[in-house]
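Structure first, commentary second.
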Amino acid sequence: MANRKVSVAVTILILASGAMAQQGAQNHFDGKTWWDYIKVLADDNMEGRETGSDGLRRAEAYVVEQLKKNGLEPAGSDGFYQPVRFESRQIVEKDSSAALVRDAKTETLALGDDVLMGTRGVPGLEVNGPMVFVGYGLKIPEQNYDDLAGLDLKGKVVVYIAGSTEETPAALSAHYQSIAERWKVYRAAGVSGMISIPNPASMDIPWSRITANRTRPNMVLADPKFNDTEGLKLSLTVNPASAEKFFAGSGHTFAEIAAFAKDRKTLPRFPLAVSVQAKAAIETKPIESANLIAKLPGSDPALKDEYVVLSAHIDHLGIGAPINGDSIYNGAMDNASGDAVLLDVAASLKKSPEKLRRSLLFVFVTGEEKGLLGSRYFATNPTVPAKSMVADINIDMFLPIYPLKVLTVYGLQESDLGEMATQVAQARGIRVQPDPEPLRNAFVRSDQYSFIRTGVPALAMKVGFDPGSLEQQKFKDWLTNRYHAPSDDLNQPVDLSAAAGYEEVMRGLMIAVANDPQRPRWKQDSFFRRYAGD
Ligand SMILES: [Zn+2]
């Protein structure tokens, strides 16, 4: 009996330790190192890390120092660095103008209050043209849907409202609303310019904040092969509060359009009674910045030449219009928080006795805030063979501002990565859910989309919330008050244990993908599979 008792006790112990491992009792992170990294990267001294700025250079030098200290290998084209060339495009408002013309009468539009001048058009070109309202302005072959059908748009300027009909799945909606896809369709129809009206039902930040920084430079990748809007003469964004002026005399009102768009109803399409006259003076300038790439080599002879990518953007908005006397847009959550996860996970896995079969790549990209530019450059000019990247897990503003009970997984149902993330999270008692707000287009709004477009299966994750919960209100408040504002700084409440829990899931997922015999694949019915050609 005594012996038997012992063996029962041993069995219980083994079961218990198994269960504990499952429950995630093994913890590698405490949230403190994470916050320590953020304290450096989001310090005022980094001046908001704008692409091309000295502040970003200092932040990158700090990251490189940490990577070296933690024993990671350089995997850029110049040590840890991959230089990227940009062109900055800045509106010169005093030489720019926009107006509505009706019966030879001109009504000036105020730059800022009424419209924002886009920087994608031809600098200094005066555009004068009739306008056509094209609803959502989308052409979606998969749905046999075409807002342009039957309209004569040759030489005209199209006006559209952001959004899509309720029949449109989120992935298609997001993809076809991208500037590149829109312009392909408009250009084929002979359109000369495009004017967008944000959908008031899905605006993340108020117009006043958007317009406060309207003369800050935009950027494009210098290599013309990345130009998505060749031939575009004019682009404008209209303040929804001023949009009624565009519809006067057309037989429709913007109020009516916005109400339909809020409910994702089908929209009427019609010529506007006013034409537009505009000129954008744009100052261009070359800018240099860099991505950072570090490697942790795998150990399996057959798989070590394949890479699992963990990515996060390191740039932010820099110094801009002051809000409450503060002009430094520190970007603590957006996205020093993601860079800190990369540093923590890289250090932890380097130290770990556990062998990884595939190699890992830690990629800190520049130019995200300028339109996913650094990641686009890396994904199309990777410093490892393109086909060797088996997955990208991207981290952008994962918002550990409340406890981690549920993870929102963008791309959950799109590839095998969804199931792997689910398993890793559930083993730690964390639920997963798909994007609860597909209309915000989050899956294609950060750097994972650059990888997706080159065929790499990808995922992104945030600390989630249940609909109608207090957390959802906190999330909304954060977007309204801190997102892309100087108050996304070191003086905000964060939940260190939520951050640590998130890091455990990232670490676990990297191990799971690195060691899986099969590389992840897009689901057979996933929209994004088209890019992979498999
Ligand atoms: Zn951002």
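Following the order of the structure tokens, chains are lettered A, B, ..., residues in each are numbered from 1, and ligands are numbered from 1.
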What does the list of residues within 7 Å of ligand 1 look like if you count only C-alpha atoms and all ligand atoms, written as a list in words?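 Taking only C-alpha atoms and all ligand atoms into account, the residues around ligand 1 at most 7 Å away are His316, Asp334, Glu369 and His484 of chain A.
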Considering only C-alpha atoms, return as number ranges by chain whatever protein or nucleic-acid residues lie within 6 Å of Gln90 in chain A, sequence-local ones (same chain, fewer than 4 positions apart) excluded. A: 217, 282-283
What would the file look like if the residues just selected were written as a short mmCIF file (atom, residue, chain, number, x, y, z; two decimals), in the first residue's frame with C-alpha atoms?
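File written: result09.cif
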```cif
data_model
loop_
_atom_site.label_atom_id
_atom_site.label_comp_id
_atom_site.auth_asym_id
_atom_site.auth_seq_id
_atom_site.Cartn_x
_atom_site.Cartn_y
_atom_site.Cartn_z
CA PRO A 217 4.80 65.65 -44.87
CA ILE A 282 3.55 69.97 -53.22
CA GLU A 283 7.15 70.23 -52.05
#
```
Please list as a PyMOL selection string every residue within 6 Å of range 403-420 of chain A, counting only C-alpha atoms and excluding residues in the same chain fewer than 3 positions away. chain A and resi 423+430-435+443+459-464+498+520-523+526
Give me, as a PyMOL selection string, all polymer residues having an atom no more than 7 Å from range 172-175 of chain A, counting only C-alpha atoms and skipping those fewer than 3 positions away in the same chain. chain A and resi 164+168-169+178+441+444
By how many Å are CA of Tyr377 in chain A and CA of Gly331 in chain A apart?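 Taking CA of Tyr377 in chain A as the start and CA of Gly331 in chain A as the end point, the length is 22.2 Å.
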Just the number, please: distance in Å from CA of His313 in chain A to CA of Met397 in chain A, one decimal. 9.5 Å
Determine which residues of range 260-443 of chain A receive a DSSP assignment of alpha helix (DSSP H), computed from the backbone, and state them as a PyMOL selection string. chain A and resi 260-262+337-351+373-380+416-426
Write to file, as a compact mmCIF listing (two decimals), in the first residue's frame, the residues of the selection just made, with C-alpha atoms.
```
# COMPACT_ATOMS: atom_id res chain seq x y z
CA PHE A 260 -27.50 54.83 -45.81
CA ALA A 261 -23.73 54.37 -45.49
CA LYS A 262 -24.01 53.98 -41.71
CA SER A 337 4.72 48.59 -27.24
CA GLY A 338 5.15 46.22 -30.20
CA ASP A 339 8.90 46.81 -30.52
CA ALA A 340 9.27 46.00 -26.83
CA VAL A 341 7.51 42.66 -27.38
CA LEU A 342 9.94 41.82 -30.20
CA LEU A 343 12.91 42.63 -27.95
CA ASP A 344 11.53 40.62 -25.04
CA VAL A 345 10.55 37.59 -27.12
CA ALA A 346 13.87 37.60 -29.00
CA ALA A 347 15.87 37.74 -25.77
CA SER A 348 13.76 35.07 -24.12
CA LEU A 349 14.00 32.61 -27.02
CA LYS A 350 17.72 33.22 -27.42
CA LYS A 351 18.21 32.27 -23.75
CA LEU A 373 5.95 51.66 -46.57
CA GLY A 374 8.88 50.09 -44.72
CA SER A 375 7.15 46.72 -44.53
CA ARG A 376 6.18 46.92 -48.18
CA TYR A 377 9.79 47.56 -49.07
CA PHE A 378 10.99 44.67 -46.89
CA ALA A 379 8.32 42.22 -48.10
CA THR A 380 9.19 42.93 -51.75
CA ASP A 416 -3.56 27.69 -40.32
CA LEU A 417 -2.02 30.37 -38.13
CA GLY A 418 -5.49 31.00 -36.68
CA GLU A 419 -5.70 27.51 -35.18
CA MET A 420 -2.15 27.67 -33.89
CA ALA A 421 -2.81 30.99 -32.17
CA THR A 422 -6.05 29.59 -30.74
CA GLN A 423 -4.26 26.59 -29.23
CA VAL A 424 -1.48 28.66 -27.73
CA ALA A 425 -3.91 31.16 -26.23
CA GLN A 426 -6.37 28.58 -24.92
```
